[in-house]
Amino acid sequence: MAEAASDHVGITDTWASRRYFRKFERITGHLPRVAAVMEAEGTFASHETQIIARHVSALTYSFRALSMKYLLAGRDTGRFFGSLTIDDHESGFPAAQELLVMANDAHQAERHLRDMPSADELKKQMLSKIIRDTEIPTKLQFALSQRLYYQELLRGSLFWPRNDPEAHWLAGFDDRRRYLLHWSVYDSQINLPVIYLMEVEDTGRTALPKDERRWPEAQAHLIAQSLGGLKLLTIARGFDEDFDDLHPKRLRRFHIGPMYSHAFTRQTGPIRDVLADAAAPEGEDWALAWTQEDLHSERVKTERAGWFSSVEREVFALDPFSGRGADTGATTMERAIILPTRPYQVLAENQPAGFSSVRKFVVAGDGKVLSYR
């Protein structure tokens, strides 16, 4: 792997690229099961588990598309197409630039596919090259990989740099309706996918998803505020103040990652030492952090709005312990780590500092997820 920037690295080897994406396919495949464990424990409602699973599935599809794009990384394909760039220092995920390029490619996918030979035609040409010329048909393999890449993009349902808010109805029909708004972004500052869930009470005349004025404005507002550097309190208060008839009752943010791997990343800290000591086989050499921030409204206050009207404003509850609420801007924050059995055994034996309060989700060989505090 050749270094591309101080915290980015380009994977230029074919087999390394394939191992990297296989690892992520395994990891993202475990996340819905982790969410199901949290649902069984009462952390999530069933509809919340389904929503989170949708965003995780979209992430899986995006990585699958990238794996097709870079299937022949490092091979002489007759065309320079670069190498997969990952953030190996902080996140372990592909750099945000990869998803930006992929989003641009998606707009042109139909045209590219129209100008390419079909998959069957490419396979026939490859077979002919092997039998007639006794050569490895690298250029044809590359052409097929790019066709598969554009086909994945055309299927849609991928995780893009920004995935605009959607509304899930929870309760109410008339003057007070409650929705769960959900959206996600690929934070370019930290190269990590982030999922947001906001419970909103709607007192507008028209139901929010059908309101041609408020709904686009609310979507644009939330996406613009979806920055990892902003506290949940800042996001919720800004939304509450900008929309007099939309009342945020709860806001959650989920950071998926960083991903740690002794083979691909060079993060510092105890978890790197744990993975090194575990010396786990391929496919089990990883750990994934999962952070949940949660902000609740504890009460409502009424403020005057003009001469003859008033509006409701939320008063949010902050973490009462040691004044941390002012620092985190949340009611609670829970850190968790997901990892296979072997690294967990080393983690439990070594008991590194700072991990006693971290939730552990352990993935067994059969895919079953166990939870430890």
# chains A, B, ... in the order shown; residues from 1 in each chain; ligands from 1
>>> select_by_dssp(residues="segment 78-196 of chain A", states="strand (DSSP E)", output="VMD selection string")
chain A and resid 84 to 87 162 to 171 177 to 187 192 to 196
>>> closest_atom_pairs(of="segment 190-216 of chain A", to="segment 225-244 of chain A", cutoff="9 Å", atoms="only C-alpha atoms", output="JSON lines")
{"residue": "A:Ile190", "atom": "CA", "partner": "A:Gly228", "partner_atom": "CA", "distance": 7.9}
{"residue": "A:Val194", "atom": "CA", "partner": "A:Gly228", "partner_atom": "CA", "distance": 8.1}
{"residue": "A:Tyr196", "atom": "CA", "partner": "A:Ser226", "partner_atom": "CA", "distance": 8.3}
{"residue": "A:Met198", "atom": "CA", "partner": "A:Ala236", "partner_atom": "CA", "distance": 8.8}
{"residue": "A:Thr203", "atom": "CA", "partner": "A:Asp244", "partner_atom": "CA", "distance": 8.7}
{"residue": "A:Gly204", "atom": "CA", "partner": "A:Asp244", "partner_atom": "CA", "distance": 8.7}
{"residue": "A:Arg214", "atom": "CA", "partner": "A:Phe243", "partner_atom": "CA", "distance": 8.4}
>>> atom_distance(atom1="atom CA of Lys210 of chain A", atom2="atom CA of Ile51 of chain A")
20.5 Å
>>> closest_residue(among="A:Arg64, A:His182, A:Arg147, A:Arg111", to="Lys123 of chain A", atoms="only C-alpha atoms")
A:Arg147
>>> closest_residue(among="A:His107, A:Pro270, A:Val300, A:Glu121", to="Asn350 of chain A", atoms="only C-alpha atoms")
A:Pro270
>>> residues_around(residues="Pro281 of chain A", least_positions_apart="5", cutoff="12 Å", atoms="only C-alpha atoms", output="JSON, numbers by chain")
{"A": [23, 261, 262, 263, 275, 276, 286, 340, 341, 342, 343]}
>>> write_last_selection(atoms="C-alpha atoms", output="compact mmCIF listing (two decimals), in the first residue's frame")
# COMPACT_ATOMS: atom_id res chain seq x y z
CA LYS A 23 -13.63 -7.74 5.92
CA SER A 261 -7.58 -3.85 11.74
CA HIS A 262 -4.00 -4.87 12.41
CA ALA A 263 -3.61 -5.60 8.69
CA LEU A 275 -5.47 -6.88 17.88
CA ALA A 276 -1.71 -7.36 17.68
CA TRP A 286 -10.89 -6.38 13.38
CA PRO A 340 -14.82 -11.31 17.14
CA THR A 341 -14.26 -13.80 19.97
CA ARG A 342 -10.47 -14.00 19.85
CA PRO A 343 -9.76 -10.25 20.11
>>> atom_distance(atom1="atom CA of Tyr70 of chain A", atom2="atom CA of Gln125 of chain A")
21.0 Å
>>> atom_distance(atom1="atom CA of Val346 of chain A", atom2="atom CA of Val274 of chain A")
6.1 Å
>>> closest_residue(among="A:Gln108, A:Thr291, A:Ser62, A:Ser157", to="Tyr186 of chain A", atoms="only C-alpha atoms")
A:Ser62
